[in-house]
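The structure file structure-v7.txt is reproduced below (compact mmCIF, N, CA and C atoms).
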```txt
# COMPACT_ATOMS: atom_id res chain seq x y z
N MET A 27 100.03 110.78 82.15
CA MET A 27 100.44 109.45 82.52
C MET A 27 101.95 109.27 82.42
N ASP A 28 102.63 110.29 81.93
CA ASP A 28 104.09 110.21 81.81
C ASP A 28 104.75 109.93 83.15
N ILE A 29 104.25 110.56 84.21
CA ILE A 29 104.83 110.39 85.55
C ILE A 29 104.67 108.94 85.99
N MET A 30 103.51 108.37 85.74
CA MET A 30 103.26 106.98 86.14
C MET A 30 104.15 106.02 85.35
N GLU A 31 104.25 106.25 84.06
CA GLU A 31 105.10 105.36 83.24
C GLU A 31 106.56 105.48 83.66
N GLU A 32 106.99 106.70 83.92
CA GLU A 32 108.37 106.91 84.38
C GLU A 32 108.61 106.18 85.70
N ALA A 33 107.62 106.20 86.58
CA ALA A 33 107.74 105.52 87.88
C ALA A 33 107.88 104.01 87.70
N VAL A 34 107.17 103.45 86.72
CA VAL A 34 107.28 102.01 86.45
C VAL A 34 108.72 101.68 86.04
N TRP A 35 109.27 102.46 85.11
CA TRP A 35 110.63 102.19 84.63
C TRP A 35 111.66 102.39 85.74
N LYS A 36 111.46 103.40 86.59
CA LYS A 36 112.39 103.60 87.72
C LYS A 36 112.33 102.44 88.71
N CYS A 37 111.12 101.96 88.97
CA CYS A 37 110.97 100.83 89.88
C CYS A 37 111.63 99.59 89.29
N LEU A 38 111.48 99.37 87.99
CA LEU A 38 112.13 98.25 87.34
C LEU A 38 113.66 98.38 87.44
N LYS A 39 114.18 99.58 87.26
CA LYS A 39 115.64 99.78 87.37
C LYS A 39 116.13 99.44 88.77
N ARG A 40 115.34 99.82 89.81
CA ARG A 40 115.69 99.43 91.19
C ARG A 40 115.74 97.91 91.30
N ALA A 41 114.74 97.26 90.74
CA ALA A 41 114.68 95.80 90.81
C ALA A 41 115.88 95.17 90.10
N GLN A 42 116.28 95.75 88.97
CA GLN A 42 117.38 95.19 88.18
C GLN A 42 118.72 95.29 88.90
N LEU A 43 118.84 96.15 89.89
CA LEU A 43 120.07 96.20 90.69
C LEU A 43 120.27 94.89 91.44
N ILE A 44 119.17 94.24 91.80
CA ILE A 44 119.23 92.99 92.55
C ILE A 44 118.99 91.80 91.62
N TRP A 45 118.04 91.96 90.71
CA TRP A 45 117.65 90.90 89.77
C TRP A 45 117.86 91.42 88.35
N PRO A 46 119.09 91.36 87.83
CA PRO A 46 119.38 91.95 86.52
C PRO A 46 118.60 91.34 85.37
N GLU A 47 118.09 90.14 85.54
CA GLU A 47 117.33 89.50 84.47
C GLU A 47 115.90 90.04 84.33
N ALA A 48 115.47 90.84 85.29
CA ALA A 48 114.12 91.42 85.22
C ALA A 48 114.02 92.36 84.03
N HIS A 49 112.94 92.23 83.30
CA HIS A 49 112.74 93.10 82.14
C HIS A 49 111.25 93.39 81.94
N LEU A 50 110.98 94.43 81.19
CA LEU A 50 109.62 94.87 80.91
C LEU A 50 109.61 95.43 79.50
N ASP A 51 108.55 95.13 78.75
CA ASP A 51 108.48 95.56 77.36
C ASP A 51 107.43 96.62 77.10
N TYR A 52 106.44 96.74 77.97
CA TYR A 52 105.31 97.62 77.65
C TYR A 52 104.64 98.07 78.94
N VAL A 53 104.25 99.34 78.97
CA VAL A 53 103.41 99.88 80.04
C VAL A 53 102.20 100.51 79.37
N GLY A 54 101.01 100.09 79.77
CA GLY A 54 99.78 100.62 79.19
C GLY A 54 98.85 101.15 80.26
N PHE A 55 97.89 101.94 79.84
CA PHE A 55 96.93 102.57 80.75
C PHE A 55 95.51 102.26 80.29
N ASP A 56 95.25 100.99 80.04
CA ASP A 56 93.98 100.59 79.44
C ASP A 56 93.09 99.75 80.35
N LEU A 57 93.45 99.58 81.62
CA LEU A 57 92.60 98.81 82.53
C LEU A 57 91.38 99.63 82.91
N THR A 58 90.27 98.94 83.11
CA THR A 58 89.04 99.59 83.57
C THR A 58 88.48 98.76 84.71
N GLY A 59 87.42 99.24 85.31
CA GLY A 59 86.79 98.50 86.40
C GLY A 59 87.53 98.72 87.71
N SER A 60 87.51 97.70 88.56
CA SER A 60 88.06 97.86 89.91
C SER A 60 89.52 97.44 90.02
N THR A 61 90.12 96.99 88.94
CA THR A 61 91.53 96.59 88.95
C THR A 61 92.42 97.81 88.75
N SER A 62 93.34 98.04 89.68
CA SER A 62 94.22 99.22 89.56
C SER A 62 95.45 98.94 88.72
N GLY A 63 95.94 97.70 88.73
CA GLY A 63 97.11 97.34 87.95
C GLY A 63 97.14 95.86 87.68
N MET A 64 97.84 95.49 86.62
CA MET A 64 97.93 94.08 86.25
C MET A 64 99.24 93.85 85.49
N GLU A 65 99.89 92.75 85.80
CA GLU A 65 101.09 92.38 85.07
C GLU A 65 100.79 91.21 84.16
N HIS A 66 101.54 91.14 83.08
CA HIS A 66 101.42 90.02 82.14
C HIS A 66 102.83 89.57 81.76
N ASN A 67 103.17 88.37 82.12
CA ASN A 67 104.38 87.73 81.62
C ASN A 67 103.92 86.79 80.52
N LYS A 68 104.23 87.13 79.28
CA LYS A 68 103.73 86.40 78.12
C LYS A 68 104.57 85.17 77.82
N HIS A 69 103.97 84.22 77.10
CA HIS A 69 104.68 82.99 76.72
C HIS A 69 105.88 83.26 75.83
N ASP A 70 105.83 84.38 75.08
CA ASP A 70 106.97 84.69 74.20
C ASP A 70 108.11 85.37 74.95
N GLY A 71 107.98 85.51 76.27
CA GLY A 71 109.03 86.12 77.08
C GLY A 71 108.85 87.60 77.32
N SER A 72 107.88 88.22 76.65
CA SER A 72 107.65 89.65 76.88
C SER A 72 106.89 89.85 78.19
N ALA A 73 107.02 91.04 78.73
CA ALA A 73 106.37 91.36 80.00
C ALA A 73 105.71 92.73 79.88
N TRP A 74 104.48 92.82 80.37
CA TRP A 74 103.71 94.05 80.31
C TRP A 74 103.20 94.41 81.70
N ILE A 75 103.01 95.70 81.90
CA ILE A 75 102.26 96.18 83.06
C ILE A 75 101.17 97.10 82.51
N ARG A 76 99.95 96.86 82.96
CA ARG A 76 98.81 97.67 82.57
C ARG A 76 98.24 98.34 83.83
N LEU A 77 97.96 99.63 83.72
CA LEU A 77 97.44 100.39 84.85
C LEU A 77 96.10 101.01 84.50
N ASN A 78 95.31 101.29 85.54
CA ASN A 78 94.01 101.91 85.39
C ASN A 78 94.18 103.42 85.43
N LYS A 79 93.90 104.07 84.32
CA LYS A 79 94.10 105.52 84.19
C LYS A 79 93.27 106.30 85.22
N ALA A 80 92.05 105.84 85.47
CA ALA A 80 91.18 106.55 86.44
C ALA A 80 91.81 106.54 87.83
N TYR A 81 92.39 105.40 88.23
CA TYR A 81 93.04 105.34 89.54
C TYR A 81 94.34 106.14 89.55
N CYS A 82 95.04 106.16 88.44
CA CYS A 82 96.26 106.97 88.36
C CYS A 82 95.92 108.44 88.60
N MET A 83 94.78 108.88 88.09
CA MET A 83 94.38 110.28 88.24
C MET A 83 93.80 110.57 89.62
N SER A 84 93.06 109.62 90.18
CA SER A 84 92.37 109.89 91.45
C SER A 84 93.17 109.49 92.68
N ASN A 85 94.12 108.60 92.54
CA ASN A 85 94.93 108.10 93.66
C ASN A 85 96.41 108.04 93.28
N PRO A 86 96.97 109.14 92.81
CA PRO A 86 98.33 109.06 92.26
C PRO A 86 99.37 108.61 93.28
N GLN A 87 99.29 109.07 94.50
CA GLN A 87 100.30 108.70 95.50
C GLN A 87 100.28 107.21 95.78
N GLU A 88 99.09 106.66 95.96
CA GLU A 88 98.97 105.22 96.21
C GLU A 88 99.46 104.41 95.02
N MET A 89 99.14 104.88 93.81
CA MET A 89 99.59 104.16 92.62
C MET A 89 101.12 104.15 92.56
N LEU A 90 101.72 105.29 92.86
CA LEU A 90 103.19 105.39 92.82
C LEU A 90 103.84 104.55 93.91
N GLU A 91 103.28 104.60 95.11
CA GLU A 91 103.92 103.95 96.25
C GLU A 91 103.57 102.48 96.41
N ARG A 92 102.39 102.07 95.93
CA ARG A 92 101.93 100.71 96.19
C ARG A 92 101.68 99.89 94.92
N THR A 93 100.84 100.42 94.02
CA THR A 93 100.42 99.61 92.87
C THR A 93 101.57 99.33 91.92
N ILE A 94 102.34 100.34 91.59
CA ILE A 94 103.44 100.13 90.63
C ILE A 94 104.46 99.14 91.19
N PRO A 95 104.96 99.31 92.43
CA PRO A 95 105.88 98.29 92.95
C PRO A 95 105.23 96.91 93.07
N HIS A 96 103.93 96.88 93.36
CA HIS A 96 103.20 95.62 93.44
C HIS A 96 103.30 94.86 92.12
N GLU A 97 103.03 95.57 91.02
CA GLU A 97 103.06 94.92 89.70
C GLU A 97 104.50 94.59 89.27
N VAL A 98 105.44 95.47 89.55
CA VAL A 98 106.84 95.16 89.23
C VAL A 98 107.29 93.93 90.02
N ALA A 99 106.86 93.80 91.26
CA ALA A 99 107.21 92.62 92.07
C ALA A 99 106.67 91.34 91.42
N HIS A 100 105.48 91.41 90.83
CA HIS A 100 104.95 90.24 90.11
C HIS A 100 105.82 89.90 88.90
N ILE A 101 106.22 90.93 88.15
CA ILE A 101 107.08 90.71 86.98
C ILE A 101 108.38 90.01 87.41
N VAL A 102 109.02 90.56 88.43
CA VAL A 102 110.29 90.01 88.92
C VAL A 102 110.09 88.60 89.45
N ASN A 103 109.05 88.39 90.23
CA ASN A 103 108.82 87.08 90.83
C ASN A 103 108.65 86.00 89.76
N TRP A 104 107.95 86.33 88.69
CA TRP A 104 107.79 85.34 87.62
C TRP A 104 109.12 85.12 86.89
N GLN A 105 109.80 86.19 86.56
CA GLN A 105 111.02 86.07 85.76
C GLN A 105 112.17 85.43 86.54
N VAL A 106 112.21 85.63 87.83
CA VAL A 106 113.30 85.10 88.66
C VAL A 106 112.94 83.73 89.25
N ASN A 107 111.73 83.61 89.79
CA ASN A 107 111.34 82.39 90.52
C ASN A 107 110.34 81.51 89.78
N ARG A 108 109.81 82.00 88.67
CA ARG A 108 108.74 81.31 87.93
C ARG A 108 107.54 81.05 88.84
N LEU A 109 107.26 82.04 89.68
CA LEU A 109 106.12 81.95 90.60
C LEU A 109 105.17 83.12 90.35
N SER A 110 103.89 82.85 90.49
CA SER A 110 102.89 83.92 90.43
C SER A 110 102.19 83.98 91.78
N GLY A 111 101.32 84.94 91.93
CA GLY A 111 100.57 85.06 93.18
C GLY A 111 101.26 85.95 94.19
N HIS A 112 100.76 85.89 95.41
CA HIS A 112 101.22 86.78 96.47
C HIS A 112 101.89 86.00 97.60
N GLY A 113 102.69 85.02 97.22
CA GLY A 113 103.39 84.19 98.20
C GLY A 113 104.58 84.88 98.83
N ARG A 114 105.31 84.11 99.62
CA ARG A 114 106.45 84.63 100.38
C ARG A 114 107.47 85.33 99.48
N GLU A 115 107.80 84.72 98.34
CA GLU A 115 108.80 85.31 97.45
C GLU A 115 108.34 86.65 96.90
N TRP A 116 107.06 86.73 96.50
CA TRP A 116 106.52 88.00 95.99
C TRP A 116 106.57 89.07 97.09
N ARG A 117 106.15 88.69 98.31
CA ARG A 117 106.17 89.66 99.42
C ARG A 117 107.58 90.16 99.69
N GLU A 118 108.56 89.27 99.64
CA GLU A 118 109.94 89.68 99.86
C GLU A 118 110.41 90.67 98.80
N ILE A 119 110.08 90.41 97.54
CA ILE A 119 110.46 91.32 96.46
C ILE A 119 109.79 92.67 96.66
N PHE A 120 108.49 92.67 96.94
CA PHE A 120 107.76 93.92 97.16
C PHE A 120 108.40 94.71 98.30
N GLU A 121 108.69 94.05 99.39
CA GLU A 121 109.25 94.73 100.56
C GLU A 121 110.65 95.26 100.28
N ILE A 122 111.43 94.58 99.46
CA ILE A 122 112.75 95.10 99.07
C ILE A 122 112.58 96.34 98.20
N LEU A 123 111.61 96.31 97.28
CA LEU A 123 111.40 97.45 96.38
C LEU A 123 110.87 98.68 97.12
N THR A 124 110.05 98.47 98.14
CA THR A 124 109.38 99.61 98.79
C THR A 124 109.89 99.91 100.20
N GLY A 125 110.49 98.93 100.85
CA GLY A 125 110.84 99.11 102.26
C GLY A 125 109.61 99.08 103.15
N ASP A 126 108.49 98.58 102.61
CA ASP A 126 107.22 98.59 103.32
C ASP A 126 106.60 97.19 103.29
N LYS A 127 105.66 96.96 104.18
CA LYS A 127 104.97 95.67 104.25
C LYS A 127 104.08 95.48 103.02
N ALA A 128 104.09 94.27 102.49
CA ALA A 128 103.31 93.96 101.29
C ALA A 128 101.83 93.85 101.59
N THR A 129 101.02 94.35 100.68
CA THR A 129 99.57 94.18 100.74
C THR A 129 99.11 93.68 99.38
N ARG A 130 98.05 92.94 99.38
CA ARG A 130 97.59 92.31 98.15
C ARG A 130 96.67 93.21 97.34
N CYS A 131 95.77 93.91 97.97
CA CYS A 131 94.74 94.64 97.24
C CYS A 131 94.71 96.12 97.63
N HIS A 132 94.20 96.92 96.73
CA HIS A 132 94.04 98.34 97.00
C HIS A 132 92.69 98.61 97.64
N GLU A 133 92.51 99.81 98.15
CA GLU A 133 91.25 100.25 98.74
C GLU A 133 90.85 101.59 98.13
N TYR A 134 90.88 101.66 96.80
CA TYR A 134 90.62 102.91 96.10
C TYR A 134 89.14 103.16 95.87
N GLY A 135 88.28 102.20 96.16
CA GLY A 135 86.88 102.32 95.80
C GLY A 135 86.69 101.89 94.36
N THR A 136 85.51 102.16 93.82
CA THR A 136 85.23 101.76 92.44
C THR A 136 85.78 102.78 91.46
N GLN A 137 85.86 102.37 90.21
CA GLN A 137 86.32 103.30 89.17
C GLN A 137 85.34 104.46 89.05
N LYS A 138 84.05 104.20 89.22
CA LYS A 138 83.04 105.26 89.15
C LYS A 138 83.30 106.29 90.25
N GLU A 139 83.60 105.82 91.47
CA GLU A 139 83.92 106.74 92.57
C GLU A 139 85.18 107.52 92.27
N ALA A 140 86.17 106.85 91.68
CA ALA A 140 87.43 107.51 91.33
C ALA A 140 87.17 108.62 90.32
N MET A 141 86.37 108.34 89.30
CA MET A 141 86.08 109.36 88.29
C MET A 141 85.29 110.52 88.88
N LYS A 142 84.40 110.24 89.84
CA LYS A 142 83.67 111.32 90.51
C LYS A 142 84.64 112.24 91.24
N ARG A 143 85.66 111.66 91.90
CA ARG A 143 86.66 112.48 92.60
C ARG A 143 87.43 113.34 91.61
N VAL A 144 87.79 112.77 90.46
CA VAL A 144 88.51 113.52 89.43
C VAL A 144 87.63 114.65 88.90
N GLU A 145 86.36 114.36 88.61
CA GLU A 145 85.44 115.38 88.09
C GLU A 145 85.22 116.48 89.12
N SER A 146 85.09 116.10 90.38
CA SER A 146 84.89 117.08 91.45
C SER A 146 86.11 118.00 91.56
N PHE A 147 87.29 117.42 91.49
CA PHE A 147 88.52 118.21 91.54
C PHE A 147 88.57 119.17 90.35
N ALA A 148 88.25 118.68 89.17
CA ALA A 148 88.27 119.50 87.96
C ALA A 148 87.27 120.66 88.08
N GLU A 149 86.09 120.39 88.60
CA GLU A 149 85.09 121.44 88.79
C GLU A 149 85.57 122.50 89.76
N ARG A 150 86.16 122.09 90.88
CA ARG A 150 86.71 123.06 91.85
C ARG A 150 87.80 123.89 91.22
N LEU A 151 88.65 123.27 90.47
CA LEU A 151 89.75 123.97 89.80
C LEU A 151 89.20 124.99 88.81
N LEU A 152 88.22 124.62 88.05
CA LEU A 152 87.62 125.55 87.08
C LEU A 152 86.97 126.74 87.79
N ARG A 153 86.28 126.49 88.90
CA ARG A 153 85.66 127.58 89.68
C ARG A 153 86.73 128.55 90.19
N GLU A 154 87.85 128.01 90.66
CA GLU A 154 88.93 128.86 91.17
C GLU A 154 89.57 129.70 90.06
N LEU A 155 89.58 129.17 88.86
CA LEU A 155 90.19 129.89 87.74
C LEU A 155 89.29 130.97 87.17
N GLU A 156 88.00 130.94 87.49
CA GLU A 156 87.06 131.95 86.96
C GLU A 156 87.27 133.30 87.59
```
Taking this structure as input, can you express it in the form of structure tokens?
Amino acid sequence: MDIMEEAVWKCLKRAQLIWPEAHLDYVGFDLTGSTSGMEHNKHDGSAWIRLNKAYCMSNPQEMLERTIPHEVAHIVNWQVNRLSGHGREWREIFEILTGDKATRCHEYGTQKEAMKRVESFAERLLRELE
């Protein structure tokens, strides 16, 4: 998960070039279920991003290119505009961070499907190593 966490911090640094007040205090990998990522701007001023480890393993490219900037855009949008959701301001931030059109949701399938893909990959890898 080091690569994913590093990507979050790099994305935040990109955001800080435009919005220097953007900050983040914690990155975790404790989400489960169908949620790939979630941001939390706390009442005490701290900000967290939580990611789904199963999706990080089964869909790493999408997580790097879409989910991480998606969550960083939420952090920035709250800290700069005091807005949540997927409105115009959030879309603009996302598009600045990625150079790509904003989307609201992922299409990774369920966490169970993601884990099956990871297990299948691991089994193929083990067979090749025998």
| query | With only C-alpha atoms as the atoms that count, which of A:Glu121, A:Glu88, A:Glu154, A:Asp28 lies nearest to A:Gly63? | reply |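 Smallest distance to A:Gly63 is found for A:Glu88.
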| Hey, what does DSSP flag as alpha helix (DSSP H) within stretch 72-122 of chain A? Can you give it to me as an MDAnalysis selection string? | chainID A and resid 79:84 86:88 94:107 114:122
| query | With only N, CA and C atoms as the atoms that count, which of A:Asn67, A:Arg153, A:Lys79, A:Leu50 lies nearest to A:Trp104? | reply |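 That would be A:Asn67, the residue with the smallest distance to A:Trp104.
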| d(atom N of A:Phe55, atom C of A:Asn78) in Å | 6.9 Å
| query | Per DSSP on the backbone, what are the strand (DSSP E or B) residues of chain A, as a list of chain:residue names? | reply | A:Tyr52, A:Val53, A:Gly54, A:Phe55, A:Asp56, A:Leu57, A:Gly63, A:Met64, A:Glu65, A:His66, A:Asn67, A:Ala73, A:Trp74, A:Ile75, A:Arg76, A:Leu77, A:Asn78
| request: Have a look at A:Asn103, A:Glu91, A:Val53, A:Ile44 and name the one nearest to A:Glu115; count only N, CA and C atoms. | output: A:Asn103
| Distance of atom CA of A:Leu38 from atom CA of A:Glu97, expressed in Å to one decimal place |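 Rounded to one decimal, the two atoms are 9.9 Å apart.
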| What is the atom C of A:Ala48 to atom N of A:Met27 distance in Å? |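 One can read the atom C of A:Ala48 to atom N of A:Met27 distance as 23.2 Å.
Residues near the point (101.0, 98.2, 84.9), at a distance of 8 Å or less over all atoms listed in the file, make up Val34, Tyr52, Val53, Gly54, Phe55, Ser62, Gly63, Met64, Glu65, His66, Trp74, Ile75, Arg76, Leu77, Asn78, Thr93, Ile94, Glu97 and Val98 of chain A.
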Would you put the residues from that selection into a file with N, CA and C atoms, as a compact mmCIF listing (two decimals), in the coordinates of the input?
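This is the output file selection03.txt:
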```
# COMPACT_ATOMS: atom_id res chain seq x y z
N VAL A 34 107.17 103.45 86.72
CA VAL A 34 107.28 102.01 86.45
C VAL A 34 108.72 101.68 86.04
N TYR A 52 106.44 96.74 77.97
CA TYR A 52 105.31 97.62 77.65
C TYR A 52 104.64 98.07 78.94
N VAL A 53 104.25 99.34 78.97
CA VAL A 53 103.41 99.88 80.04
C VAL A 53 102.20 100.51 79.37
N GLY A 54 101.01 100.09 79.77
CA GLY A 54 99.78 100.62 79.19
C GLY A 54 98.85 101.15 80.26
N PHE A 55 97.89 101.94 79.84
CA PHE A 55 96.93 102.57 80.75
C PHE A 55 95.51 102.26 80.29
N SER A 62 93.34 98.04 89.68
CA SER A 62 94.22 99.22 89.56
C SER A 62 95.45 98.94 88.72
N GLY A 63 95.94 97.70 88.73
CA GLY A 63 97.11 97.34 87.95
C GLY A 63 97.14 95.86 87.68
N MET A 64 97.84 95.49 86.62
CA MET A 64 97.93 94.08 86.25
C MET A 64 99.24 93.85 85.49
N GLU A 65 99.89 92.75 85.80
CA GLU A 65 101.09 92.38 85.07
C GLU A 65 100.79 91.21 84.16
N HIS A 66 101.54 91.14 83.08
CA HIS A 66 101.42 90.02 82.14
C HIS A 66 102.83 89.57 81.76
N TRP A 74 104.48 92.82 80.37
CA TRP A 74 103.71 94.05 80.31
C TRP A 74 103.20 94.41 81.70
N ILE A 75 103.01 95.70 81.90
CA ILE A 75 102.26 96.18 83.06
C ILE A 75 101.17 97.10 82.51
N ARG A 76 99.95 96.86 82.96
CA ARG A 76 98.81 97.67 82.57
C ARG A 76 98.24 98.34 83.83
N LEU A 77 97.96 99.63 83.72
CA LEU A 77 97.44 100.39 84.85
C LEU A 77 96.10 101.01 84.50
N ASN A 78 95.31 101.29 85.54
CA ASN A 78 94.01 101.91 85.39
C ASN A 78 94.18 103.42 85.43
N THR A 93 100.84 100.42 94.02
CA THR A 93 100.42 99.61 92.87
C THR A 93 101.57 99.33 91.92
N ILE A 94 102.34 100.34 91.59
CA ILE A 94 103.44 100.13 90.63
C ILE A 94 104.46 99.14 91.19
N GLU A 97 103.03 95.57 91.02
CA GLU A 97 103.06 94.92 89.70
C GLU A 97 104.50 94.59 89.27
N VAL A 98 105.44 95.47 89.55
CA VAL A 98 106.84 95.16 89.23
C VAL A 98 107.29 93.93 90.02
```
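Distances to A:Lys127 were evaluated for A:Leu155, A:Ile101, A:Pro95, A:Trp35 using only C-alpha atoms, and the minimum falls at A:Pro95.
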| query | Nearest to A:Lys39: which of A:Arg108, A:Val102, A:Ala80, A:Gly113 is it, counting only C-alpha atoms? | reply |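 Closest residue, counting only C-alpha atoms: A:Val102.
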